[in-house]
Every structure is written in structure tokens, then in C-alpha cells.
$ cat start28.csv   # CSV, N, CA and C atoms and all ligand atoms
chain,number,residue,atom,x,y,z
K,1474,MET,N,0.8,-1.2,0.0
K,1474,MET,CA,0.0,0.0,0.0
K,1474,MET,C,0.9,1.3,0.0
K,1475,ARG,N,0.4,2.2,-0.8
K,1475,ARG,CA,1.2,3.5,-0.8
K,1475,ARG,C,0.2,4.7,-0.6
K,1476,PRO,N,-0.3,4.9,0.6
K,1476,PRO,CA,-1.3,6.0,0.8
K,1476,PRO,C,-0.6,7.3,0.5
K,1477,GLU,N,-1.5,8.2,0.0
K,1477,GLU,CA,-1.0,9.5,-0.4
K,1477,GLU,C,-0.5,10.3,0.8
K,1478,LEU,N,0.6,11.0,0.7
K,1478,LEU,CA,1.1,11.8,1.9
K,1478,LEU,C,0.2,13.1,2.0
K,1479,SER,N,0.0,13.5,3.2
K,1479,SER,CA,-0.9,14.7,3.4
K,1479,SER,C,0.0,16.0,3.4
K,1480,SER,N,1.3,15.8,3.5
K,1480,SER,CA,2.2,17.0,3.4
K,1480,SER,C,3.5,16.6,2.7
K,1481,HIS,N,4.2,17.6,2.3
K,1481,HIS,CA,5.4,17.3,1.4
K,1481,HIS,C,6.6,18.2,1.9
K,1482,ILE,N,7.8,17.8,1.6
K,1482,ILE,CA,9.0,18.5,2.0
K,1482,ILE,C,9.6,19.1,0.8
K,1483,ASP,N,9.6,20.5,0.7
K,1483,ASP,CA,10.1,21.2,-0.5
K,1483,ASP,C,11.6,21.3,-0.5
K,1484,ASN,N,12.3,21.3,0.6
K,1484,ASN,CA,13.7,21.6,0.7
K,1484,ASN,C,14.6,20.5,1.2
K,1485,LEU,N,14.2,19.3,0.9
K,1485,LEU,CA,15.0,18.2,1.4
K,1485,LEU,C,16.4,18.2,0.9
K,1486,ASN,N,16.6,18.8,-0.2
K,1486,ASN,CA,18.0,18.9,-0.7
K,1486,ASN,C,18.9,19.8,0.1
K,1487,GLU,N,18.4,20.5,1.0
K,1487,GLU,CA,19.2,21.4,1.9
K,1487,GLU,C,19.7,20.6,3.1
K,1488,TYR,N,19.3,19.3,3.2
K,1488,TYR,CA,19.7,18.5,4.4
K,1488,TYR,C,20.6,17.3,4.0
K,1489,ASN,N,21.6,17.1,4.8
K,1489,ASN,CA,22.5,15.9,4.6
K,1489,ASN,C,22.1,14.7,5.4
K,1490,THR,N,21.4,15.0,6.6
K,1490,THR,CA,21.1,14.0,7.6
K,1490,THR,C,19.6,14.0,7.8
K,1491,VAL,N,19.0,12.8,7.8
K,1491,VAL,CA,17.6,12.6,8.0
K,1491,VAL,C,17.4,11.7,9.2
K,1492,PHE,N,16.6,12.1,10.2
K,1492,PHE,CA,16.2,11.2,11.3
K,1492,PHE,C,14.8,10.7,11.0
K,1493,LEU,N,14.7,9.4,10.9
K,1493,LEU,CA,13.4,8.8,10.6
K,1493,LEU,C,13.0,8.1,11.9
K,1494,VAL,N,11.8,8.5,12.5
K,1494,VAL,CA,11.4,7.9,13.7
K,1494,VAL,C,9.9,7.5,13.5
K,1495,TYR,N,9.6,6.3,13.8
K,1495,TYR,CA,8.2,5.8,13.5
K,1495,TYR,C,7.8,4.7,14.4
K,1496,PRO,N,6.5,4.4,14.5
K,1496,PRO,CA,6.1,3.2,15.2
K,1496,PRO,C,6.0,2.0,14.3
K,1497,THR,N,6.3,0.8,14.9
K,1497,THR,CA,6.1,-0.4,14.1
K,1497,THR,C,4.6,-0.6,13.9
K,1498,TRP,N,4.2,-1.0,12.7
K,1498,TRP,CA,2.9,-1.4,12.4
K,1498,TRP,C,2.9,-2.7,11.8
K,1499,TRP,N,2.4,-3.7,12.4
K,1499,TRP,CA,2.4,-5.1,11.8
K,1499,TRP,C,3.7,-5.5,11.3
K,1500,TYR,N,4.7,-5.4,12.2
K,1500,TYR,CA,6.1,-5.8,12.0
K,1500,TYR,C,6.8,-5.0,10.9
K,1501,LYS,N,6.3,-3.9,10.5
K,1501,LYS,CA,6.9,-3.1,9.4
K,1501,LYS,C,6.8,-1.6,9.7
K,1502,MET,N,7.4,-0.8,8.8
K,1502,MET,CA,7.2,0.6,8.9
K,1502,MET,C,5.7,0.9,8.5
K,1503,PRO,N,5.2,2.0,9.1
K,1503,PRO,CA,3.8,2.4,8.6
K,1503,PRO,C,3.8,2.7,7.1
K,1504,THR,N,2.7,2.3,6.5
K,1504,THR,CA,2.6,2.4,5.0
K,1504,THR,C,3.0,3.7,4.4
K,1505,PRO,N,2.7,4.9,5.0
K,1505,PRO,CA,3.0,6.2,4.4
K,1505,PRO,C,4.5,6.3,4.2
K,1506,LEU,N,5.3,5.6,5.0
K,1506,LEU,CA,6.8,5.7,4.8
K,1506,LEU,C,7.2,5.1,3.5
K,1507,TYR,N,6.5,4.1,3.0
K,1507,TYR,CA,6.9,3.5,1.7
K,1507,TYR,C,6.6,4.5,0.6
K,1508,THR,N,5.5,5.3,0.8
K,1508,THR,CA,5.2,6.4,-0.1
K,1508,THR,C,6.3,7.4,0.0
K,1509,PHE,N,6.7,7.8,1.2
K,1509,PHE,CA,7.8,8.7,1.4
K,1509,PHE,C,9.1,8.3,0.6
K,1510,PHE,N,9.4,7.1,0.7
K,1510,PHE,CA,10.7,6.6,0.0
K,1510,PHE,C,10.5,6.6,-1.5
K,1511,ASP,N,9.2,6.4,-1.9
K,1511,ASP,CA,9.0,6.5,-3.4
K,1511,ASP,C,9.1,8.0,-3.8
K,1512,GLU,N,8.6,8.9,-3.0
K,1512,GLU,CA,8.5,10.3,-3.4
K,1512,GLU,C,9.9,11.0,-3.3
K,1513,TYR,N,10.7,10.6,-2.4
K,1513,TYR,CA,12.0,11.4,-2.2
K,1513,TYR,C,13.2,10.5,-2.5
K,1514,ASP,N,14.2,11.2,-3.1
K,1514,ASP,CA,15.5,10.5,-3.4
K,1514,ASP,C,16.5,10.9,-2.3
K,1515,LEU,N,16.8,10.0,-1.5
K,1515,LEU,CA,17.7,10.3,-0.3
K,1515,LEU,C,19.2,10.0,-0.6
K,1516,SER,N,19.5,9.8,-1.9
K,1516,SER,CA,20.9,9.5,-2.3
K,1516,SER,C,21.9,10.5,-1.6
K,1517,GLY,N,23.0,9.9,-1.1
K,1517,GLY,CA,24.0,10.7,-0.5
K,1517,GLY,C,23.8,11.2,0.9
K,1518,LYS,N,22.6,11.0,1.4
K,1518,LYS,CA,22.2,11.4,2.7
K,1518,LYS,C,22.5,10.3,3.8
K,1519,VAL,N,22.6,10.7,5.0
K,1519,VAL,CA,22.7,9.7,6.1
K,1519,VAL,C,21.3,9.7,6.7
K,1520,ILE,N,20.8,8.4,6.9
K,1520,ILE,CA,19.5,8.3,7.5
K,1520,ILE,C,19.6,7.5,8.8
K,1521,TYR,N,19.3,8.2,9.9
K,1521,TYR,CA,19.3,7.5,11.2
K,1521,TYR,C,17.9,7.0,11.4
K,1522,VAL,N,17.7,5.7,11.8
K,1522,VAL,CA,16.4,5.1,11.9
K,1522,VAL,C,16.2,4.8,13.3
K,1523,CYS,N,15.0,5.3,13.9
K,1523,CYS,CA,14.6,4.9,15.3
K,1523,CYS,C,13.2,4.4,15.2
K,1524,VAL,N,12.9,3.5,16.1
K,1524,VAL,CA,11.6,2.9,16.1
K,1524,VAL,C,11.0,2.8,17.5
K,1525,THR,N,9.7,2.9,17.6
K,1525,THR,CA,8.9,2.5,18.8
K,1525,THR,C,8.0,1.4,18.5
K,1526,SER,N,7.8,0.5,19.5
K,1526,SER,CA,6.9,-0.6,19.2
K,1526,SER,C,6.4,-1.1,20.6
K,1527,ASN,N,5.4,-2.0,20.5
K,1527,ASN,CA,5.0,-2.7,21.7
K,1527,ASN,C,6.1,-3.7,22.2
K,1528,GLN,N,6.6,-4.4,21.2
K,1528,GLN,CA,7.6,-5.4,21.6
K,1528,GLN,C,8.6,-5.8,20.5
K,1529,ASN,N,8.3,-5.5,19.2
K,1529,ASN,CA,9.1,-6.1,18.1
K,1529,ASN,C,10.4,-5.4,17.9
K,1530,GLY,N,10.5,-4.1,18.2
K,1530,GLY,CA,11.7,-3.3,17.8
K,1530,GLY,C,12.0,-3.4,16.4
K,1531,PHE,N,13.3,-3.4,16.0
K,1531,PHE,CA,13.7,-3.4,14.6
K,1531,PHE,C,13.3,-4.8,14.1
K,1532,THR,N,12.8,-4.9,12.9
K,1532,THR,CA,12.6,-6.2,12.2
K,1532,THR,C,13.4,-6.2,11.0
K,1533,ASN,N,12.8,-6.0,9.8
K,1533,ASN,CA,13.7,-6.1,8.5
K,1533,ASN,C,13.7,-4.7,7.9
K,1534,GLU,N,13.3,-3.7,8.5
K,1534,GLU,CA,13.1,-2.4,7.8
K,1534,GLU,C,14.4,-1.7,7.4
K,1535,LEU,N,15.5,-2.0,8.1
K,1535,LEU,CA,16.8,-1.4,7.7
K,1535,LEU,C,17.2,-1.9,6.3
K,1536,ASN,N,17.0,-3.2,6.1
K,1536,ASN,CA,17.3,-3.8,4.8
K,1536,ASN,C,16.3,-3.2,3.7
K,1537,GLU,N,15.0,-3.1,4.1
K,1537,GLU,CA,14.0,-2.5,3.2
K,1537,GLU,C,14.5,-1.1,2.7
K,1538,ILE,N,14.9,-0.3,3.7
K,1538,ILE,CA,15.2,1.1,3.4
K,1538,ILE,C,16.5,1.1,2.5
K,1539,ARG,N,17.4,0.2,2.8
K,1539,ARG,CA,18.7,0.2,2.0
K,1539,ARG,C,18.3,-0.2,0.6
K,1540,LYS,N,17.3,-1.1,0.4
K,1540,LYS,CA,17.0,-1.4,-1.0
K,1540,LYS,C,16.3,-0.3,-1.7
K,1541,MET,N,15.4,0.5,-0.9
K,1541,MET,CA,14.7,1.6,-1.6
K,1541,MET,C,15.6,2.8,-1.8
K,1542,GLU,N,16.7,2.9,-0.9
K,1542,GLU,CA,17.6,4.1,-1.0
K,1542,GLU,C,19.0,3.6,-1.0
K,1543,PRO,N,19.4,2.9,-2.1
K,1543,PRO,CA,20.7,2.2,-2.2
K,1543,PRO,C,21.9,3.2,-2.1
K,1544,GLU,N,21.7,4.5,-2.4
K,1544,GLU,CA,22.8,5.4,-2.3
K,1544,GLU,C,22.8,6.2,-1.0
K,1545,ALA,N,22.0,5.8,-0.1
K,1545,ALA,CA,22.0,6.5,1.2
K,1545,ALA,C,22.8,5.6,2.2
K,1546,GLU,N,23.3,6.3,3.3
K,1546,GLU,CA,23.9,5.5,4.4
K,1546,GLU,C,22.8,5.3,5.5
K,1547,VAL,N,22.3,4.1,5.7
K,1547,VAL,CA,21.2,3.9,6.6
K,1547,VAL,C,21.8,3.3,7.9
K,1548,ILE,N,21.6,4.1,9.0
K,1548,ILE,CA,22.2,3.7,10.3
K,1548,ILE,C,21.1,3.3,11.3
K,1549,ARG,N,21.3,2.2,12.0
K,1549,ARG,CA,20.4,1.8,13.0
K,1549,ARG,C,20.5,2.7,14.2
K,1550,GLY,N,19.4,3.3,14.6
K,1550,GLY,CA,19.4,4.2,15.8
K,1550,GLY,C,18.9,3.5,17.0
K,1551,LEU,N,17.9,4.2,17.7
K,1551,LEU,CA,17.4,3.7,18.9
K,1551,LEU,C,16.1,2.9,18.7
K,1552,SER,N,15.8,2.0,19.6
K,1552,SER,CA,14.5,1.3,19.6
K,1552,SER,C,13.9,1.4,21.0
K,1553,PHE,N,12.7,1.8,21.1
K,1553,PHE,CA,12.0,1.9,22.5
K,1553,PHE,C,10.7,1.1,22.4
K,1554,GLN,N,10.5,0.4,23.5
K,1554,GLN,CA,9.2,-0.3,23.6
K,1554,GLN,C,8.3,0.5,24.4
K,1555,THR,N,7.0,0.2,24.3
K,1555,THR,CA,5.9,1.1,24.8
K,1555,THR,C,6.2,1.6,26.2
K,1556,GLU,N,6.6,0.7,27.1
K,1556,GLU,CA,6.7,1.2,28.5
K,1556,GLU,C,7.9,2.1,28.7
K,1557,GLU,N,8.9,2.1,27.7
K,1557,GLU,CA,10.1,2.8,27.9
K,1557,GLU,C,10.0,4.2,27.3
K,1558,THR,N,9.0,4.5,26.4
K,1558,THR,CA,9.0,5.7,25.6
K,1558,THR,C,8.9,7.0,26.5
K,1559,MET,N,8.1,6.9,27.6
K,1559,MET,CA,7.9,8.1,28.4
K,1559,MET,C,9.2,8.5,29.1
K,1560,LYS,N,10.1,7.6,29.3
K,1560,LYS,CA,11.3,8.0,30.0
K,1560,LYS,C,12.6,7.8,29.1
K,1561,ALA,N,12.4,8.0,27.8
K,1561,ALA,CA,13.4,7.8,26.9
K,1561,ALA,C,14.3,9.0,26.7
K,1562,LYS,N,13.9,10.2,27.2
K,1562,LYS,CA,14.7,11.4,26.8
K,1562,LYS,C,16.2,11.3,27.2
K,1563,PRO,N,16.5,10.9,28.4
K,1563,PRO,CA,18.0,10.9,28.7
K,1563,PRO,C,18.8,10.0,27.7
K,1564,ALA,N,18.2,8.8,27.3
K,1564,ALA,CA,18.9,7.9,26.4
K,1564,ALA,C,19.0,8.6,25.0
K,1565,ILE,N,17.9,9.3,24.6
K,1565,ILE,CA,18.0,10.0,23.3
K,1565,ILE,C,19.0,11.1,23.3
K,1566,ASP,N,19.1,11.9,24.4
K,1566,ASP,CA,20.0,13.0,24.5
K,1566,ASP,C,21.5,12.4,24.5
K,1567,LYS,N,21.7,11.3,25.2
K,1567,LYS,CA,23.0,10.7,25.2
K,1567,LYS,C,23.4,10.2,23.8
K,1568,TRP,N,22.5,9.6,23.1
K,1568,TRP,CA,22.7,9.1,21.8
K,1568,TRP,C,23.0,10.2,20.8
K,1569,LEU,N,22.2,11.3,20.9
K,1569,LEU,CA,22.5,12.5,20.0
K,1569,LEU,C,23.8,13.1,20.3
K,1570,ASP,N,24.2,13.2,21.6
K,1570,ASP,CA,25.5,13.7,21.9
K,1570,ASP,C,26.6,12.9,21.3
K,1571,GLY,N,26.4,11.6,21.3
K,1571,GLY,CA,27.4,10.7,20.7
K,1571,GLY,C,27.6,10.8,19.2
K,1572,ILE,N,26.5,11.1,18.5
K,1572,ILE,CA,26.6,11.1,17.0
K,1572,ILE,C,26.7,12.5,16.5
K,1573,LYS,N,26.6,13.5,17.3
K,1573,LYS,CA,26.4,14.8,16.6
K,1573,LYS,C,27.7,15.3,15.9
K,1574,ALA,N,28.8,14.8,16.3
K,1574,ALA,CA,30.1,15.2,15.6
K,1574,ALA,C,30.0,14.8,14.1
K,1575,SER,N,29.1,13.8,13.7
K,1575,SER,CA,29.1,13.4,12.4
K,1575,SER,C,28.0,14.0,11.5
K,1576,TRP,N,27.3,15.0,12.1
K,1576,TRP,CA,26.3,15.7,11.2
K,1576,TRP,C,26.2,17.2,11.4
I,1,LIG,C1,-2.0,-0.7,13.4
I,1,LIG,C2,-0.9,-1.0,14.5
I,1,LIG,C3,-0.1,-2.1,14.3
I,1,LIG,C4,0.9,-2.3,15.2
I,1,LIG,N1,1.8,-3.4,15.0
I,1,LIG,C5,2.8,-3.7,15.9
I,1,LIG,C6,3.7,-4.8,15.7
I,1,LIG,O1,3.6,-5.5,14.8
I,1,LIG,N2,4.6,-5.0,16.7
I,1,LIG,C7,4.7,-4.2,17.8
I,1,LIG,O2,5.6,-4.4,18.6
I,1,LIG,N3,3.9,-3.1,18.0
I,1,LIG,C8,2.9,-2.9,17.1
I,1,LIG,N4,2.1,-1.8,17.3
I,1,LIG,C9,2.3,-1.0,18.5
I,1,LIG,C10,3.0,0.4,18.1
I,1,LIG,O3,4.2,0.2,17.5
I,1,LIG,C11,3.1,1.3,19.3
I,1,LIG,O4,1.8,1.6,19.7
I,1,LIG,C12,3.8,2.5,19.0
I,1,LIG,O5,5.2,2.2,18.7
I,1,LIG,C13,3.8,3.4,20.2
I,1,LIG,O6,3.5,4.7,19.7
I,1,LIG,P1,2.1,5.3,20.1
I,1,LIG,O7,2.3,5.6,21.6
I,1,LIG,O8,2.0,6.5,19.3
I,1,LIG,O9,1.0,4.3,19.9
I,1,LIG,C14,1.1,-1.5,16.4
I,1,LIG,C15,0.2,-0.4,16.6
I,1,LIG,C16,-0.8,-0.2,15.6
I,1,LIG,C17,-1.7,1.0,15.8
$ encode --input "start28.csv" --output "C-alpha cells"
Amino acid sequence: MRPELSSHIDNLNEYNTVFLVYPTWWYKMPTPLYTFFDEYDLSGKVIYVCVTSNQNGFTNELNEIRKMEPEAEVIRGLSFQTEETMKAKPAIDKWLDGIKASW
């Protein structure tokens, strides 16, 4: 499924780094993200991928993204499960501090 996106990004070419954060739906990315990858060419960009879920965490989506965006660098970011998300901020801050030299 490729549902139509309700908003669009006009200036993605101004960015080198993309943070993709989404909830797992039925073991995969939400369907609008597949439309997103159809609509935008992320070649040459770094994509940090973070996921929230009830329990599954990362499944096969990093490979899916790499297939859809073969010229992007896709990096596994953080994964939080439902009960962790409300207290995730310190872990997110620490992770961002650790990677910020690269973007
Ligand atoms: C349609 C739908 C499908 C979902 N499928 C999964 C799943 O396959 N595995 C899983 O661990 N969580 C699944 N979840 C739970 C969501 O990942 C979880 O609710 C979300 O990460 C937390 O964000 P929220 O607080 O906005 O709901 C699903 C949720 C919805 C609404």
C-alpha cells in the first residue's frame, strides 16, 4: 500500500542527515513511509532510523530502506518499547551527543 502523503517537504536537498522515527505497524514501517521513500530520493544522505513498538523493535526495515535508498547510508538508531518511551529522553540525549560530531 502507498497511501498519499498529506504534506510534502520542499527543501529536502538542503539536508544531509535525516532522522526517521516511526512506530512499528504489523512488523513493518507504517505504509506512508513507503510512499515517502517513493517520493523522495535520499541518495548521498545519512538516514538514522529509530523505532517505537510494543515489543518487536527493529525487524527487517533497515534492509528494506537500504533497498529503496541504495545510495544513502542507513544507520540503526534507537529502539524503544511502549513502557520505555515516556522515560526515553535521557537515552535519546546521550545518543544524540554521541553522534552529533558526524552531522
Ligand atoms: C496498526 C498498528 C499495528 C501495530 N503493530 C505492531 C507490531 O507488529 N509490533 C509491535 O511491537 N507493535 C505494534 N504496534 C504498536 C505500536 O508500535 C506502538 O503503539 C507505538 O510504537 C507506540 O506509539 P504510540 O504511543 O503512538 O502508539 C502496532 C500499533 C498499531 C496502531
$ closest_atom_pairs --input "start28.csv" --of "chain K" --to "ligand LIG 1 (chain I)" --cutoff "8 Å" --atoms "only N, CA and C atoms and all ligand atoms" --output "Markdown table"
| residue | atom | partner | partner_atom | distance |
| --- | --- | --- | --- | --- |
| K:Tyr1495 | C | I:LIG1 | O5 | 5.6 |
| K:Pro1496 | CA | I:LIG1 | O5 | 3.7 |
| K:Thr1497 | N | I:LIG1 | O3 | 3.4 |
| K:Trp1498 | C | I:LIG1 | N1 | 3.5 |
| K:Trp1499 | N | I:LIG1 | N1 | 2.7 |
| K:Tyr1500 | N | I:LIG1 | O1 | 2.8 |
| K:Lys1501 | N | I:LIG1 | O1 | 5.3 |
| K:Val1524 | C | I:LIG1 | O5 | 6.0 |
| K:Thr1525 | C | I:LIG1 | O5 | 2.9 |
| K:Ser1526 | N | I:LIG1 | O5 | 3.2 |
| K:Asn1527 | N | I:LIG1 | O2 | 3.1 |
| K:Gln1528 | N | I:LIG1 | O2 | 2.8 |
| K:Asn1529 | N | I:LIG1 | O2 | 3.0 |
| K:Gly1530 | N | I:LIG1 | O2 | 4.9 |
| K:Phe1553 | C | I:LIG1 | O5 | 6.7 |
| K:Gln1554 | C | I:LIG1 | O5 | 6.7 |
| K:Thr1555 | CA | I:LIG1 | C13 | 5.6 |
| K:Glu1556 | N | I:LIG1 | C13 | 7.9 |
| K:Thr1558 | CA | I:LIG1 | O7 | 7.8 |
$ atom_distance --input "start28.csv" --atom1 "atom CA of Pro1505 of chain K" --atom2 "atom C of Ser1479 of chain K"
10.3 Å
$ closest_residue --input "start28.csv" --among "K:Asn1486, K:Pro1563, K:Glu1544, K:Met1474" --to "Pro1503 of chain K" --atoms "only N, CA and C atoms"
K:Met1474
$ closest_residue --input "start28.csv" --among "K:Tyr1488, K:Tyr1507, K:Tyr1513, K:Trp1568" --to "Glu1534 of chain K" --atoms "only C-alpha atoms"
K:Tyr1507
$ residues_around --input "start28.csv" --residues "Asp1514 of chain K" --least-positions-apart "4" --cutoff "8 Å" --atoms "all atoms listed in the file" --output "PyMOL selection string"
chain K and resi 1485+1509-1510+1518+1541-1542+1544-1545
$ closest_residue --input "start28.csv" --among "K:Glu1557, K:Gly1550, K:Tyr1521, K:Asn1533" --to "Thr1490 of chain K" --atoms "only C-alpha atoms"
K:Tyr1521
$ select_by_dssp --input "start28.csv" --residues "chain K" --states "strand (DSSP E)" --output "PyMOL selection string"
chain K and resi 1490-1496+1519-1526+1546-1554
$ atom_distance --input "start28.csv" --atom1 "atom C of Glu1537 of chain K" --atom2 "atom CA of Leu1478 of chain K"
18.6 Å
$ decode --input "start28.csv" --residues "chain K" --atoms "C-alpha atoms" --output "short mmCIF file (atom, residue, chain, number, x, y, z; two decimals), in the first residue's frame"
data_model
loop_
_atom_site.label_atom_id
_atom_site.label_comp_id
_atom_site.auth_asym_id
_atom_site.auth_seq_id
_atom_site.Cartn_x
_atom_site.Cartn_y
_atom_site.Cartn_z
CA MET K 1474 0.00 0.00 0.00
CA ARG K 1475 1.17 3.51 -0.81
CA PRO K 1476 -1.25 5.97 0.83
CA GLU K 1477 -0.97 9.53 -0.41
CA LEU K 1478 1.06 11.81 1.86
CA SER K 1479 -0.86 14.74 3.38
CA SER K 1480 2.20 17.01 3.44
CA HIS K 1481 5.39 17.34 1.43
CA ILE K 1482 8.97 18.52 2.00
CA ASP K 1483 10.10 21.16 -0.49
CA ASN K 1484 13.69 21.63 0.65
CA LEU K 1485 14.99 18.16 1.44
CA ASN K 1486 18.01 18.89 -0.75
CA GLU K 1487 19.18 21.36 1.92
CA TYR K 1488 19.70 18.50 4.39
CA ASN K 1489 22.46 15.90 4.57
CA THR K 1490 21.10 14.00 7.55
CA VAL K 1491 17.61 12.59 8.02
CA PHE K 1492 16.20 11.24 11.29
CA LEU K 1493 13.42 8.76 10.63
CA VAL K 1494 11.35 7.94 13.73
CA TYR K 1495 8.22 5.81 13.47
CA PRO K 1496 6.07 3.21 15.25
CA THR K 1497 6.13 -0.40 14.11
CA TRP K 1498 2.85 -1.39 12.44
CA TRP K 1499 2.36 -5.09 11.78
CA TYR K 1500 6.09 -5.83 11.97
CA LYS K 1501 6.92 -3.13 9.43
CA MET K 1502 7.17 0.62 8.89
CA PRO K 1503 3.82 2.44 8.63
CA THR K 1504 2.65 2.36 5.00
CA PRO K 1505 3.03 6.16 4.42
CA LEU K 1506 6.78 5.71 4.84
CA TYR K 1507 6.86 3.51 1.74
CA THR K 1508 5.21 6.41 -0.13
CA PHE K 1509 7.80 8.74 1.42
CA PHE K 1510 10.66 6.65 0.03
CA ASP K 1511 8.96 6.54 -3.39
CA GLU K 1512 8.53 10.31 -3.37
CA TYR K 1513 12.00 11.39 -2.22
CA ASP K 1514 15.48 10.49 -3.39
CA LEU K 1515 17.72 10.32 -0.33
CA SER K 1516 20.90 9.48 -2.27
CA GLY K 1517 24.02 10.75 -0.54
CA LYS K 1518 22.24 11.41 2.74
CA VAL K 1519 22.70 9.73 6.11
CA ILE K 1520 19.47 8.26 7.48
CA TYR K 1521 19.31 7.49 11.22
CA VAL K 1522 16.42 5.13 11.88
CA CYS K 1523 14.62 4.94 15.26
CA VAL K 1524 11.58 2.87 16.12
CA THR K 1525 8.95 2.55 18.82
CA SER K 1526 6.92 -0.62 19.23
CA ASN K 1527 5.01 -2.71 21.74
CA GLN K 1528 7.63 -5.42 21.58
CA ASN K 1529 9.10 -6.08 18.15
CA GLY K 1530 11.73 -3.33 17.85
CA PHE K 1531 13.67 -3.45 14.59
CA THR K 1532 12.56 -6.17 12.21
CA ASN K 1533 13.66 -6.09 8.55
CA GLU K 1534 13.12 -2.41 7.81
CA LEU K 1535 16.77 -1.37 7.69
CA ASN K 1536 17.25 -3.78 4.77
CA GLU K 1537 14.05 -2.52 3.16
CA ILE K 1538 15.24 1.09 3.41
CA ARG K 1539 18.66 0.17 2.02
CA LYS K 1540 16.95 -1.44 -0.98
CA MET K 1541 14.73 1.60 -1.57
CA GLU K 1542 17.60 4.08 -1.00
CA PRO K 1543 20.72 2.25 -2.18
CA GLU K 1544 22.80 5.43 -2.34
CA ALA K 1545 22.01 6.51 1.24
CA GLU K 1546 23.85 5.48 4.39
CA VAL K 1547 21.24 3.87 6.63
CA ILE K 1548 22.22 3.71 10.31
CA ARG K 1549 20.40 1.78 13.02
CA GLY K 1550 19.42 4.23 15.77
CA LEU K 1551 17.38 3.69 18.91
CA SER K 1552 14.51 1.32 19.60
CA PHE K 1553 12.05 1.89 22.45
CA GLN K 1554 9.24 -0.32 23.58
CA THR K 1555 5.95 1.07 24.83
CA GLU K 1556 6.71 1.19 28.52
CA GLU K 1557 10.09 2.84 27.89
CA THR K 1558 9.03 5.71 25.64
CA MET K 1559 7.91 8.12 28.37
CA LYS K 1560 11.34 7.97 30.04
CA ALA K 1561 13.44 7.76 26.89
CA LYS K 1562 14.67 11.38 26.82
CA PRO K 1563 17.98 10.85 28.71
CA ALA K 1564 18.88 7.94 26.41
CA ILE K 1565 17.98 10.00 23.33
CA ASP K 1566 20.04 12.99 24.54
CA LYS K 1567 23.04 10.73 25.21
CA TRP K 1568 22.72 9.09 21.78
CA LEU K 1569 22.46 12.47 20.02
CA ASP K 1570 25.52 13.74 21.91
CA GLY K 1571 27.42 10.67 20.74
CA ILE K 1572 26.59 11.07 17.05
CA LYS K 1573 26.43 14.83 16.65
CA ALA K 1574 30.05 15.17 15.57
CA SER K 1575 29.08 13.35 12.36
CA TRP K 1576 26.27 15.70 11.21
#
